[in-house]
file run31.cif (mmCIF, C-alpha atoms (C1' of nucleotides))
data_query
#
loop_
_atom_site.label_atom_id
_atom_site.label_comp_id
_atom_site.auth_asym_id
_atom_site.auth_seq_id
_atom_site.Cartn_x
_atom_site.Cartn_y
_atom_site.Cartn_z
CA MET A 928 4.77 -24.46 21.89
CA ARG A 929 5.70 -27.10 19.39
CA TYR A 930 3.14 -28.73 17.09
CA SER A 931 3.07 -31.83 14.92
CA PRO A 932 4.27 -31.70 11.30
CA GLU A 933 0.71 -32.18 10.06
CA HIS A 934 -0.37 -29.25 12.17
CA LYS A 935 2.33 -27.10 10.63
CA ALA A 936 1.38 -28.18 7.14
CA GLN A 937 -2.19 -27.19 7.88
CA SER A 938 -1.13 -23.77 9.14
CA HIS A 939 1.05 -23.22 6.09
CA GLU A 940 -1.83 -24.21 3.89
CA LYS A 941 -4.24 -21.94 5.70
CA ILE A 942 -1.92 -18.93 5.52
CA LEU A 943 -1.46 -19.50 1.82
CA SER A 944 -5.13 -19.72 0.97
CA VAL A 945 -6.09 -16.78 3.16
CA ALA A 946 -3.29 -14.70 1.63
CA ALA A 947 -4.25 -15.68 -1.91
CA ARG A 948 -7.73 -14.39 -1.25
CA SER A 949 -6.75 -11.32 0.76
CA PHE A 950 -4.15 -10.15 -1.75
CA ARG A 951 -6.61 -10.38 -4.60
CA GLU A 952 -9.35 -8.64 -2.64
CA ARG A 953 -7.35 -5.80 -1.12
CA GLY A 954 -4.12 -5.69 -3.11
CA GLY A 955 -0.75 -6.91 -1.92
CA ASP A 956 0.41 -3.62 -0.43
CA THR A 957 -2.84 -2.99 1.43
CA SER A 958 -3.05 -6.50 2.83
CA GLY A 959 -0.56 -6.91 5.66
CA ILE A 960 0.95 -9.96 7.27
CA GLY A 961 -0.79 -9.15 10.54
CA THR A 962 -4.20 -9.06 8.89
CA VAL A 963 -3.62 -12.32 7.06
CA MET A 964 -2.41 -14.13 10.16
CA LYS A 965 -5.32 -12.83 12.20
CA LYS A 966 -7.77 -14.21 9.66
CA VAL A 967 -5.96 -17.54 9.86
CA GLY A 968 -6.43 -17.49 13.61
CA LEU A 969 -2.77 -16.98 14.47
CA LYS A 970 -0.66 -14.03 15.58
CA LYS A 971 1.85 -12.44 13.26
CA GLY A 972 4.76 -13.59 15.46
CA GLY A 973 4.71 -17.04 13.93
CA PHE A 974 4.66 -15.94 10.33
CA TYR A 975 8.37 -16.31 9.66
CA ARG A 976 8.29 -19.98 10.59
CA HIS A 977 6.37 -20.48 7.36
CA PHE A 978 7.67 -17.91 4.87
CA LYS A 979 10.96 -16.13 4.70
CA SER A 980 9.49 -12.82 3.61
CA LYS A 981 6.28 -11.18 2.48
CA ASP A 982 7.43 -11.28 -1.12
CA ASP A 983 7.89 -15.00 -0.66
CA LEU A 984 4.33 -15.37 0.56
CA PHE A 985 3.15 -13.16 -2.26
CA ILE A 986 4.75 -15.33 -4.90
CA GLU A 987 3.42 -18.54 -3.39
CA ALA A 988 -0.04 -17.01 -3.05
CA VAL A 989 0.00 -15.96 -6.69
CA GLY A 990 0.99 -19.49 -7.64
CA ARG A 991 -1.78 -20.90 -5.53
CA ALA A 992 -4.33 -18.54 -7.01
CA LEU A 993 -3.25 -19.28 -10.57
CA ASP A 994 -3.41 -22.98 -9.89
CA GLU A 995 -6.91 -22.82 -8.44
CA THR A 996 -8.42 -20.59 -11.09
CA GLY A 997 -6.61 -22.43 -13.89
CA ARG A 998 -7.84 -25.75 -12.62
CA GLY A 999 -11.40 -24.50 -12.28
CA MET A 1000 -11.43 -23.15 -15.78
CA ALA A 1001 -9.86 -26.22 -17.31
CA GLU A 1002 -12.44 -28.41 -15.61
CA ALA A 1003 -15.25 -26.24 -16.91
CA ALA A 1004 -13.76 -26.65 -20.36
CA LYS A 1005 -13.53 -30.43 -20.09
CA SER A 1006 -17.09 -30.83 -18.90
CA SER A 1007 -18.47 -28.67 -21.71
CA PRO A 1008 -20.19 -30.02 -24.84
CA GLU A 1009 -17.99 -31.27 -27.67
CA GLY A 1010 -16.17 -28.42 -29.42
CA GLN A 1011 -17.42 -25.84 -26.94
CA ALA A 1012 -14.46 -25.88 -24.57
CA LEU A 1013 -13.00 -22.50 -25.46
CA ARG A 1014 -16.42 -20.91 -25.48
CA ALA A 1015 -17.00 -22.28 -21.98
CA ILE A 1016 -13.69 -20.84 -20.81
CA ILE A 1017 -14.50 -17.39 -22.17
CA GLU A 1018 -18.00 -17.43 -20.73
CA ARG A 1019 -16.72 -18.44 -17.35
CA TYR A 1020 -13.91 -15.90 -17.31
CA LEU A 1021 -16.15 -13.04 -18.37
CA SER A 1022 -19.04 -14.02 -16.11
CA VAL A 1023 -20.71 -11.69 -13.63
CA ALA A 1024 -19.78 -14.13 -10.89
CA HIS A 1025 -16.10 -13.75 -11.72
CA ALA A 1026 -16.38 -9.97 -11.84
CA ASN A 1027 -18.08 -9.92 -8.45
CA SER A 1028 -15.60 -12.14 -6.64
CA PRO A 1029 -12.06 -10.96 -7.28
CA GLY A 1030 -10.84 -12.75 -4.16
CA SER A 1031 -11.29 -16.11 -5.80
CA GLY A 1032 -10.67 -15.00 -9.37
CA CYS A 1033 -7.93 -14.32 -11.86
CA VAL A 1034 -4.66 -12.94 -10.55
CA ARG A 1035 -4.07 -10.78 -13.63
CA ALA A 1036 -7.29 -8.84 -13.26
CA ALA A 1037 -6.78 -8.42 -9.52
CA LEU A 1038 -3.04 -7.77 -9.27
CA GLY A 1039 -1.74 -7.11 -12.78
CA PRO A 1040 -0.09 -3.72 -12.36
CA GLU A 1041 1.28 -4.75 -9.01
CA LEU A 1042 3.03 -7.72 -10.58
CA ALA A 1043 4.62 -5.38 -13.10
CA ARG A 1044 6.02 -3.21 -10.29
CA LYS A 1045 7.67 -6.03 -8.34
CA PRO A 1046 11.47 -6.29 -8.37
CA LEU A 1047 12.96 -8.30 -11.19
CA ALA A 1048 13.70 -11.37 -9.08
CA VAL A 1049 10.08 -11.60 -7.97
CA ARG A 1050 8.76 -10.92 -11.44
CA ARG A 1051 10.80 -13.71 -12.91
CA ARG A 1052 9.35 -16.24 -10.52
CA ILE A 1053 5.87 -15.00 -11.32
CA GLU A 1054 6.52 -15.34 -15.04
CA VAL A 1055 7.18 -19.02 -14.51
CA LEU A 1056 3.86 -19.42 -12.73
CA LEU A 1057 2.03 -17.57 -15.49
CA ALA A 1058 3.67 -19.77 -18.11
CA ALA A 1059 2.50 -22.89 -16.29
CA TYR A 1060 -1.01 -21.46 -16.16
CA ARG A 1061 -1.01 -20.88 -19.89
CA GLU A 1062 0.18 -24.37 -20.71
CA ARG A 1063 -2.97 -25.74 -19.18
CA PHE A 1064 -5.05 -24.22 -21.93
CA LEU A 1065 -3.11 -25.53 -24.90
CA PRO A 1066 -5.54 -28.44 -25.46
CA PHE A 1067 -8.45 -26.05 -25.81
CA MET A 1068 -6.95 -23.59 -28.24
CA PRO A 1069 -7.44 -23.77 -31.99
CA GLY A 1070 -4.37 -23.43 -34.21
CA LYS A 1071 -2.09 -25.44 -36.45
CA THR A 1072 1.10 -25.28 -34.44
CA ILE A 1073 1.72 -25.19 -30.71
CA GLU A 1074 3.31 -21.78 -31.10
CA GLU A 1075 0.19 -20.48 -32.76
CA LYS A 1076 -1.87 -21.77 -29.85
CA ARG A 1077 0.49 -20.22 -27.36
CA THR A 1078 0.26 -16.89 -29.12
CA LYS A 1079 -3.51 -16.96 -28.89
CA ILE A 1080 -3.43 -17.77 -25.19
CA ARG A 1081 -0.97 -14.94 -24.56
CA LEU A 1082 -3.42 -12.63 -26.26
CA LEU A 1083 -6.75 -13.93 -25.01
CA PHE A 1084 -6.16 -14.03 -21.27
CA PRO A 1085 -4.57 -10.62 -20.80
CA SER A 1086 -7.25 -9.07 -23.00
CA MET A 1087 -10.04 -10.67 -21.02
CA ALA A 1088 -8.29 -9.67 -17.80
CA GLY A 1089 -8.31 -6.06 -18.90
CA VAL A 1090 -12.02 -6.18 -19.66
CA LEU A 1091 -12.80 -7.90 -16.37
CA MET A 1092 -10.69 -5.45 -14.42
CA MET A 1093 -12.40 -2.43 -15.95
CA ALA A 1094 -15.84 -4.00 -15.63
CA ARG A 1095 -15.15 -4.11 -11.89
CA VAL A 1096 -14.77 -0.34 -11.86
CA VAL A 1097 -18.29 0.09 -13.23
CA SER A 1098 -20.63 0.63 -10.30
CA ASP A 1099 -23.94 -0.08 -11.99
CA PRO A 1100 -24.53 -3.85 -12.07
CA GLN A 1101 -26.53 -3.71 -15.28
CA ARG A 1102 -23.89 -1.77 -17.16
CA ARG A 1103 -21.28 -4.14 -15.79
CA GLU A 1104 -23.24 -7.11 -17.01
CA GLN A 1105 -23.74 -5.51 -20.40
CA ILE A 1106 -20.04 -4.85 -20.86
CA LEU A 1107 -19.20 -8.43 -19.96
CA MET A 1108 -21.82 -9.71 -22.37
CA GLU A 1109 -20.45 -7.65 -25.23
CA ALA A 1110 -16.96 -8.85 -24.42
CA ARG A 1111 -18.01 -12.50 -24.31
CA LYS A 1112 -19.53 -12.09 -27.73
CA PHE A 1113 -16.40 -10.49 -29.12
CA PHE A 1114 -13.91 -12.98 -27.71
CA ILE A 1115 -15.99 -15.98 -28.64
CA LYS A 1116 -16.26 -14.69 -32.19
CA SER A 1117 -12.56 -13.87 -32.40
CA PHE A 1118 -11.14 -16.97 -30.76
CA ALA A 1119 -13.71 -19.75 -30.51
CA GLU A 1120 -15.40 -19.62 -33.91
CA LYS A 1121 -14.56 -19.94 -37.61
CA MET B 584 4.09 32.74 4.57
CA ARG B 585 1.47 33.84 2.11
CA TYR B 586 1.97 33.57 -1.66
CA SER B 587 0.29 35.02 -4.72
CA PRO B 588 -2.68 33.27 -6.35
CA GLU B 589 -0.55 32.45 -9.38
CA HIS B 590 2.02 30.89 -7.11
CA LYS B 591 -0.64 28.74 -5.51
CA ALA B 592 -2.00 27.68 -8.88
CA GLN B 593 1.49 26.64 -9.89
CA SER B 594 1.94 24.59 -6.73
CA HIS B 595 -1.42 22.92 -7.22
CA GLU B 596 -0.50 22.15 -10.79
CA LYS B 597 2.87 20.77 -9.80
CA ILE B 598 1.41 18.53 -7.10
CA LEU B 599 -1.12 17.19 -9.55
CA SER B 600 1.34 16.33 -12.28
CA VAL B 601 3.85 14.80 -9.89
CA ALA B 602 1.08 12.74 -8.28
CA ALA B 603 -0.28 11.60 -11.63
CA ARG B 604 3.14 10.25 -12.50
CA SER B 605 3.99 8.86 -9.08
CA PHE B 606 0.68 7.03 -8.65
CA ARG B 607 1.04 5.36 -12.04
CA GLU B 608 4.66 4.42 -11.41
CA ARG B 609 4.38 3.13 -7.85
CA GLY B 610 0.68 2.59 -7.28
CA GLY B 611 -1.59 4.80 -5.23
CA ASP B 612 -1.11 2.98 -1.94
CA THR B 613 2.66 2.84 -2.24
CA SER B 614 3.02 6.46 -3.21
CA GLY B 615 2.49 8.66 -0.17
CA ILE B 616 1.64 12.33 0.19
CA GLY B 617 5.02 13.00 1.78
CA THR B 618 6.88 11.52 -1.16
CA VAL B 619 4.82 13.43 -3.70
CA MET B 620 5.25 16.74 -1.88
CA LYS B 621 8.97 16.19 -1.52
CA LYS B 622 9.28 15.67 -5.26
CA VAL B 623 7.34 18.88 -5.81
CA GLY B 624 9.83 20.68 -3.58
CA LEU B 625 7.41 21.29 -0.71
CA LYS B 626 6.83 19.72 2.69
CA LYS B 627 3.79 17.61 3.39
CA GLY B 628 2.45 20.19 5.86
CA GLY B 629 1.06 22.31 3.08
CA PHE B 630 -0.73 19.53 1.25
CA TYR B 631 -4.18 20.14 2.71
CA ARG B 632 -4.23 23.70 1.41
CA HIS B 633 -4.56 22.14 -2.04
CA PHE B 634 -6.56 18.94 -1.63
CA LYS B 635 -9.00 17.89 1.00
CA SER B 636 -7.84 14.28 1.14
CA LYS B 637 -5.59 11.80 -0.58
CA ASP B 638 -8.55 10.26 -2.37
CA ASP B 639 -9.32 13.71 -3.68
CA LEU B 640 -5.81 14.05 -5.05
CA PHE B 641 -6.05 10.55 -6.44
CA ILE B 642 -9.20 11.31 -8.38
CA GLU B 643 -7.84 14.56 -9.75
CA ALA B 644 -4.57 12.86 -10.68
CA VAL B 645 -6.45 10.12 -12.51
CA GLY B 646 -8.38 12.78 -14.37
CA ARG B 647 -5.22 14.58 -15.25
CA ALA B 648 -3.56 11.40 -16.47
CA LEU B 649 -6.57 10.40 -18.57
CA ASP B 650 -6.69 13.84 -20.08
CA GLU B 651 -3.02 13.84 -21.01
CA THR B 652 -2.90 10.35 -22.46
CA GLY B 653 -6.24 10.79 -24.21
CA ARG B 654 -5.10 14.04 -25.77
CA GLY B 655 -1.81 12.54 -26.91
CA MET B 656 -3.51 9.59 -28.51
CA ALA B 657 -6.19 11.69 -30.21
CA GLU B 658 -3.50 13.95 -31.64
CA ALA B 659 -1.57 10.98 -32.96
CA ALA B 660 -4.79 9.83 -34.60
CA LYS B 661 -5.48 13.18 -36.21
CA SER B 662 -2.01 13.52 -37.64
CA SER B 663 -2.08 10.05 -39.15
CA PRO B 664 -2.66 9.28 -42.85
CA GLU B 665 -6.26 9.27 -44.12
CA GLY B 666 -8.22 6.29 -42.80
CA GLN B 667 -5.38 5.16 -40.55
CA ALA B 668 -6.43 6.91 -37.36
CA LEU B 669 -7.53 3.85 -35.41
CA ARG B 670 -4.50 1.91 -36.54
CA ALA B 671 -2.31 4.75 -35.26
CA ILE B 672 -4.09 4.70 -31.91
CA ILE B 673 -3.60 0.97 -31.50
CA GLU B 674 0.04 1.14 -32.54
CA ARG B 675 0.71 3.93 -30.13
CA TYR B 676 -1.10 2.28 -27.24
CA LEU B 677 0.63 -1.05 -27.73
CA SER B 678 4.07 0.42 -28.36
CA VAL B 679 7.20 -0.57 -26.49
CA ALA B 680 7.55 3.06 -25.42
CA HIS B 681 4.17 2.95 -23.71
CA ALA B 682 4.98 -0.36 -22.01
CA ASN B 683 8.28 1.03 -20.73
CA SER B 684 6.90 4.25 -19.29
CA PRO B 685 3.85 3.55 -17.12
CA GLY B 686 4.31 6.85 -15.30
CA SER B 687 3.18 8.78 -18.34
CA GLY B 688 0.88 6.12 -19.77
CA CYS B 689 -2.63 4.75 -19.53
CA VAL B 690 -4.31 4.81 -16.13
CA ARG B 691 -6.13 1.54 -16.73
CA ALA B 692 -2.98 -0.47 -17.30
CA ALA B 693 -1.23 1.17 -14.34
CA LEU B 694 -4.00 1.40 -11.75
CA GLY B 695 -6.91 -0.72 -12.99
CA PRO B 696 -7.43 -3.09 -10.07
CA GLU B 697 -6.85 -0.28 -7.63
CA LEU B 698 -9.65 1.73 -9.19
CA ALA B 699 -11.95 -1.25 -8.75
CA ARG B 700 -11.14 -1.42 -5.02
CA LYS B 701 -11.87 2.22 -4.27
CA PRO B 702 -15.02 3.07 -2.30
CA LEU B 703 -18.15 3.60 -4.33
CA ALA B 704 -18.10 7.39 -4.09
CA VAL B 705 -14.58 7.52 -5.50
CA ARG B 706 -15.34 4.97 -8.18
CA ARG B 707 -18.29 6.92 -9.41
CA ARG B 708 -16.22 10.03 -9.95
CA ILE B 709 -13.63 7.97 -11.80
CA GLU B 710 -16.30 6.47 -14.03
CA VAL B 711 -17.17 9.97 -15.18
CA LEU B 712 -13.56 10.63 -16.08
CA LEU B 713 -13.30 7.37 -17.97
CA ALA B 714 -16.47 8.15 -19.89
CA ALA B 715 -15.04 11.52 -20.93
CA TYR B 716 -11.89 9.77 -22.08
CA ARG B 717 -13.86 7.38 -24.24
CA GLU B 718 -15.90 10.13 -25.89
CA ARG B 719 -12.71 11.52 -27.33
CA PHE B 720 -12.29 8.48 -29.53
CA LEU B 721 -15.76 8.39 -31.04
CA PRO B 722 -14.61 10.15 -34.24
CA PHE B 723 -12.02 7.45 -34.89
CA MET B 724 -14.18 4.39 -34.41
CA PRO B 725 -15.91 2.55 -37.23
CA GLY B 726 -19.59 1.69 -36.79
CA LYS B 727 -23.02 2.63 -37.99
CA THR B 728 -24.48 4.06 -34.80
CA ILE B 729 -22.88 5.98 -31.97
CA GLU B 730 -23.78 3.18 -29.60
CA GLU B 731 -21.97 0.71 -31.79
CA LYS B 732 -18.89 2.92 -31.68
CA ARG B 733 -19.15 3.28 -27.95
CA THR B 734 -19.37 -0.46 -27.53
CA LYS B 735 -16.20 -0.94 -29.53
CA ILE B 736 -14.34 1.64 -27.49
CA ARG B 737 -15.49 0.00 -24.25
CA LEU B 738 -14.04 -3.24 -25.55
CA LEU B 739 -10.88 -2.08 -27.26
CA PHE B 740 -9.28 0.02 -24.54
CA PRO B 741 -9.71 -2.36 -21.60
CA SER B 742 -8.50 -5.24 -23.77
CA MET B 743 -5.42 -3.36 -24.84
CA ALA B 744 -4.86 -2.24 -21.24
CA GLY B 745 -4.83 -5.87 -20.14
CA VAL B 746 -2.27 -6.79 -22.76
CA LEU B 747 -0.09 -3.80 -21.94
CA MET B 748 -0.31 -4.51 -18.22
CA MET B 749 0.75 -8.12 -18.64
CA ALA B 750 3.45 -7.23 -21.17
CA ARG B 751 4.98 -5.12 -18.39
CA VAL B 752 5.33 -8.22 -16.24
CA VAL B 753 7.49 -9.88 -18.88
CA SER B 754 11.13 -9.26 -17.98
CA ASP B 755 12.73 -10.09 -21.31
CA PRO B 756 12.51 -7.04 -23.61
CA GLN B 757 12.37 -9.14 -26.75
CA ARG B 758 9.51 -11.27 -25.53
CA ARG B 759 7.74 -8.14 -24.36
CA GLU B 760 8.15 -6.59 -27.78
CA GLN B 761 6.92 -9.73 -29.45
CA ILE B 762 3.78 -9.89 -27.36
CA LEU B 763 3.00 -6.27 -28.12
CA MET B 764 3.54 -6.88 -31.81
CA GLU B 765 1.19 -9.85 -31.87
CA ALA B 766 -1.39 -7.81 -30.00
CA ARG B 767 -1.10 -4.87 -32.38
CA LYS B 768 -1.71 -7.21 -35.25
CA PHE B 769 -4.75 -8.73 -33.60
CA PHE B 770 -6.42 -5.49 -32.56
CA ILE B 771 -5.78 -3.78 -35.87
CA LYS B 772 -7.30 -6.73 -37.67
CA SER B 773 -10.27 -6.89 -35.32
CA PHE B 774 -11.06 -3.19 -35.04
CA ALA B 775 -9.32 -1.18 -37.74
CA GLU B 776 -9.83 -3.31 -40.84
CA LYS B 777 -12.59 -4.82 -42.95
"C1'" DA C 1495 12.25 -40.81 30.38
"C1'" DG C 1496 14.78 -36.93 29.29
"C1'" DG C 1497 16.94 -33.65 26.10
"C1'" DG C 1498 16.75 -31.30 21.76
"C1'" DT C 1499 13.82 -28.93 18.73
"C1'" DA C 1500 10.59 -26.03 16.81
"C1'" DA C 1501 5.50 -23.67 16.34
"C1'" DG C 1502 3.64 -19.99 17.76
"C1'" DA C 1503 2.97 -15.93 21.17
"C1'" DG C 1504 4.40 -11.66 22.47
"C1'" DG C 1505 6.75 -7.66 22.00
"C1'" DA C 1506 10.18 -4.34 20.30
"C1'" DC C 1507 12.49 -2.07 16.30
"C1'" DG C 1508 12.45 1.74 13.08
"C1'" DG C 1509 9.86 3.23 9.53
"C1'" DT C 1510 5.85 5.25 6.88
"C1'" DC C 1511 1.25 6.52 6.52
"C1'" DG C 1512 -2.94 10.14 6.34
"C1'" DT C 1513 -4.62 13.80 8.87
"C1'" DA C 1514 -4.86 17.80 11.87
"C1'" DC C 1515 -3.03 21.36 14.36
"C1'" DT C 1516 -0.20 25.69 15.33
"C1'" DC C 1517 3.09 29.06 13.84
"C1'" DT C 1518 5.50 32.14 10.66
"C1'" DT C 1519 5.40 35.50 7.26
"C1'" DA C 1520 4.37 37.75 3.09
"C1'" DA C 1521 0.78 39.05 -0.20
"C1'" DT C 1522 -3.67 41.05 -0.35
"C1'" DT C 1523 -7.27 44.16 1.11
"C1'" DC C 1524 -9.20 48.21 3.15
"C1'" DG D 1190 0.12 51.57 6.25
"C1'" DA D 1191 -2.35 48.71 9.25
"C1'" DA D 1192 -5.30 44.66 9.52
"C1'" DT D 1193 -6.54 40.53 7.42
"C1'" DT D 1194 -5.67 36.43 5.16
"C1'" DA D 1195 -3.65 32.34 3.65
"C1'" DA D 1196 0.65 29.20 1.75
"C1'" DG D 1197 3.54 26.49 3.52
"C1'" DA D 1198 6.68 24.71 7.47
"C1'" DG D 1199 6.86 22.10 11.27
"C1'" DT D 1200 5.21 18.90 14.35
"C1'" DA D 1201 2.37 15.63 16.68
"C1'" DC D 1202 -1.16 12.01 16.51
"C1'" DG D 1203 -2.40 7.19 16.32
"C1'" DA D 1204 -2.23 3.48 13.38
"C1'" DC D 1205 -0.06 0.14 10.66
"C1'" DC D 1206 3.91 -1.88 8.34
"C1'" DG D 1207 7.73 -5.87 7.73
"C1'" DT D 1208 11.14 -7.91 10.31
"C1'" DC D 1209 13.51 -9.80 14.17
"C1'" DC D 1210 14.16 -11.50 18.78
"C1'" DT D 1211 13.05 -13.96 23.02
"C1'" DC D 1212 10.19 -17.00 25.62
"C1'" DT D 1213 7.05 -20.78 26.42
"C1'" DT D 1214 5.72 -25.31 25.81
"C1'" DA D 1215 4.51 -29.50 23.58
"C1'" DC D 1216 6.08 -32.72 20.23
"C1'" DC D 1217 9.83 -35.77 18.44
"C1'" DC D 1218 13.80 -38.65 18.87
"C1'" DT D 1219 17.00 -41.41 21.30
#
call {"tool": "encode", "arguments": {"input": "run31.cif", "output": "structure tokens"}}
result
Amino acid sequence: MRYSPEHKAQSHEKILSVAARSFRERGGDTSGIGTVMKKVGLKKGGFYRHFKSKDDLFIEAVGRALDETGRGMAEAAKSSPEGQALRAIIERYLSVAHANSPGSGCVRAALGPELARKPLAVRRRIEVLLAAYRERFLPFMPGKTIEEKRTKIRLLFPSMAGVLMMARVVSDPQRREQILMEARKFFIKSFAEK
Amino acid sequence: MRYSPEHKAQSHEKILSVAARSFRERGGDTSGIGTVMKKVGLKKGGFYRHFKSKDDLFIEAVGRALDETGRGMAEAAKSSPEGQALRAIIERYLSVAHANSPGSGCVRAALGPELARKPLAVRRRIEVLLAAYRERFLPFMPGKTIEEKRTKIRLLFPSMAGVLMMARVVSDPQRREQILMEARKFFIKSFAEK
DNA sequence: AGGGTAAGAGGACGGTCGTACTCTTAATTC
DNA sequence: GAATTAAGAGTACGACCGTCCTCTTACCCT
């Protein structure tokens, strides 16, 4: 049956947010359209009224995830004590909470290698989304020129993503916490001090 | 038909090395047993004479990959000029060649998030393999105590893996090269100097 | 008020997946 | 040299996959 435009917008929205979580939790290949739609409360038959392909959904979900996590981190930075913004970002990114909830966390740490394997056309659209994410953090980075700041962002986030990703492999919570703590110390010293 | 023990060992070996490459290139979920066996030159029917499950193959393939890449990197370190071992390791890890050939490269950068999603029993066996990999690099790390060296290794490799993984998303070869260069500079300064 | 339109259900499609089974046949063992 | 054993082929299984198509039905527009 037909539904109102607002109803459709809500469905679209719901699919997107469920997919953004499901992809990060289970991986894009392991998380099927049917599963996503079921969690939304719909059947998979209606999927193609909202997205023209799974890759399309994937890209939009990545964008959504980047937007949410980027916003959250930027807000944490803004509400931190004077001069402590970058430190707050690093501490939040490398927190136990972030390590324990990949479904609402950073796309890089959850889907990095998968992004690299996507066809060129998909990858290019994702690059744009990643670039937008990075721009958000310009105000919080030290450096004389904008390019210097950009360079630091391009280094900091992937590095932290790698640490977070590998911390998630560690099964013992205490060792996981310890690794994250050591990493926080290192990145704060390397990027947020001096 | 029945084959000689040496023949079987060769088949086992072949399956393992093909799988280690295929998993890193396409991801574990996307790379099926049928595809692997076909590339070996066998049919999938014989697979379970060699491995008791796909997870079993996955773990052994990860071990194989870690062993190969670890050995290669340790050799590069040993054959480097006096006092330049760690620099050589970093330069090799963050090389364009490594970024362009995930199938023969680091497991973390190729399969990291996937490892984190595996069931606990699998993850634990992989942790052992990762620990063995790290031990290899103890001789090349600066630091007063062994624990200090271990901490640096636990930080350096995941960080570099994150950078490598995200460099692979970048479609433009020049930008990719630039990112790797900046990262080499950073990690050498942070870990191999002073 | 009635006709066009579209969201979503339902199902079919061809494909791939991991696993388990039987069968063939040659190497190994006695 | 006959009996045993086991590698690999072949096949079947149930499940899931992304995509596409048709059908129903309620909303929207005139």
call {"tool": "resolve_selection", "arguments": {"input": "run31.cif", "expression": "the PyMOL selection byres ((chain D) within 6 of (chain B))", "output": "VMD selection string"}}
result
chain D and resid 1195 to 1197
call {"tool": "atom_distance", "arguments": {"input": "run31.cif", "atom1": "atom CA of Leu599 of chain B", "atom2": "atom CA of Leu1091 of chain A"}}
result
28.5 Å
call {"tool": "residues_around", "arguments": {"input": "run31.cif", "residues": "segment 1094-1103 of chain A", "least_positions_apart": "5", "cutoff": "12 Å", "atoms": "all atoms listed in the file", "output": "PyMOL selection string"}}
result
(chain A and resi 952+1021-1029+1036-1037+1087-1089+1108-1110) or (chain B and resi 691+694-714+734+737-738+740-742)
call {"tool": "write_last_selection", "arguments": {"input": "run31.cif", "atoms": "C-alpha atoms", "output": "compact mmCIF listing (two decimals), keeping the file's coordinate frame"}}
result
# COMPACT_ATOMS: atom_id res chain seq x y z
CA GLU A 952 -9.35 -8.64 -2.64
CA LEU A 1021 -16.15 -13.04 -18.37
CA SER A 1022 -19.04 -14.02 -16.11
CA VAL A 1023 -20.71 -11.69 -13.63
CA ALA A 1024 -19.78 -14.13 -10.89
CA HIS A 1025 -16.10 -13.75 -11.72
CA ALA A 1026 -16.38 -9.97 -11.84
CA ASN A 1027 -18.08 -9.92 -8.45
CA SER A 1028 -15.60 -12.14 -6.64
CA PRO A 1029 -12.06 -10.96 -7.28
CA ALA A 1036 -7.29 -8.84 -13.26
CA ALA A 1037 -6.78 -8.42 -9.52
CA MET A 1087 -10.04 -10.67 -21.02
CA ALA A 1088 -8.29 -9.67 -17.80
CA GLY A 1089 -8.31 -6.06 -18.90
CA MET A 1108 -21.82 -9.71 -22.37
CA GLU A 1109 -20.45 -7.65 -25.23
CA ALA A 1110 -16.96 -8.85 -24.42
CA ARG B 691 -6.13 1.54 -16.73
CA LEU B 694 -4.00 1.40 -11.75
CA GLY B 695 -6.91 -0.72 -12.99
CA PRO B 696 -7.43 -3.09 -10.07
CA GLU B 697 -6.85 -0.28 -7.63
CA LEU B 698 -9.65 1.73 -9.19
CA ALA B 699 -11.95 -1.25 -8.75
CA ARG B 700 -11.14 -1.42 -5.02
CA LYS B 701 -11.87 2.22 -4.27
CA PRO B 702 -15.02 3.07 -2.30
CA LEU B 703 -18.15 3.60 -4.33
CA ALA B 704 -18.10 7.39 -4.09
CA VAL B 705 -14.58 7.52 -5.50
CA ARG B 706 -15.34 4.97 -8.18
CA ARG B 707 -18.29 6.92 -9.41
CA ARG B 708 -16.22 10.03 -9.95
CA ILE B 709 -13.63 7.97 -11.80
CA GLU B 710 -16.30 6.47 -14.03
CA VAL B 711 -17.17 9.97 -15.18
CA LEU B 712 -13.56 10.63 -16.08
CA LEU B 713 -13.30 7.37 -17.97
CA ALA B 714 -16.47 8.15 -19.89
CA THR B 734 -19.37 -0.46 -27.53
CA ARG B 737 -15.49 0.00 -24.25
CA LEU B 738 -14.04 -3.24 -25.55
CA PHE B 740 -9.28 0.02 -24.54
CA PRO B 741 -9.71 -2.36 -21.60
CA SER B 742 -8.50 -5.24 -23.77
call {"tool": "closest_residue", "arguments": {"input": "run31.cif", "among": "B:Glu776, B:Asp612, B:Glu665, B:Glu651", "to": "chain C", "atoms": "all atoms listed in the file"}}
result
B:Asp612
call {"tool": "closest_atom_pairs", "arguments": {"input": "run31.cif", "of": "chain C", "to": "chain B", "cutoff": "10 Å", "atoms": "all atoms listed in the file", "output": "JSON lines"}}
result
{"residue": "C:DT1510", "atom": "C1'", "partner": "B:Gly615", "partner_atom": "CA", "distance": 8.5}
{"residue": "C:DC1511", "atom": "C1'", "partner": "B:Gly615", "partner_atom": "CA", "distance": 7.1}
{"residue": "C:DG1512", "atom": "C1'", "partner": "B:Lys637", "partner_atom": "CA", "distance": 7.6}
{"residue": "C:DT1513", "atom": "C1'", "partner": "B:Ser636", "partner_atom": "CA", "distance": 8.4}
{"residue": "C:DA1514", "atom": "C1'", "partner": "B:Tyr631", "partner_atom": "CA", "distance": 9.5}
{"residue": "C:DT1518", "atom": "C1'", "partner": "B:Met584", "partner_atom": "CA", "distance": 6.3}
{"residue": "C:DT1519", "atom": "C1'", "partner": "B:Met584", "partner_atom": "CA", "distance": 4.1}
{"residue": "C:DA1520", "atom": "C1'", "partner": "B:Arg585", "partner_atom": "CA", "distance": 5.0}
{"residue": "C:DA1521", "atom": "C1'", "partner": "B:Arg585", "partner_atom": "CA", "distance": 5.7}
{"residue": "C:DT1522", "atom": "C1'", "partner": "B:Ser587", "partner_atom": "CA", "distance": 8.4}
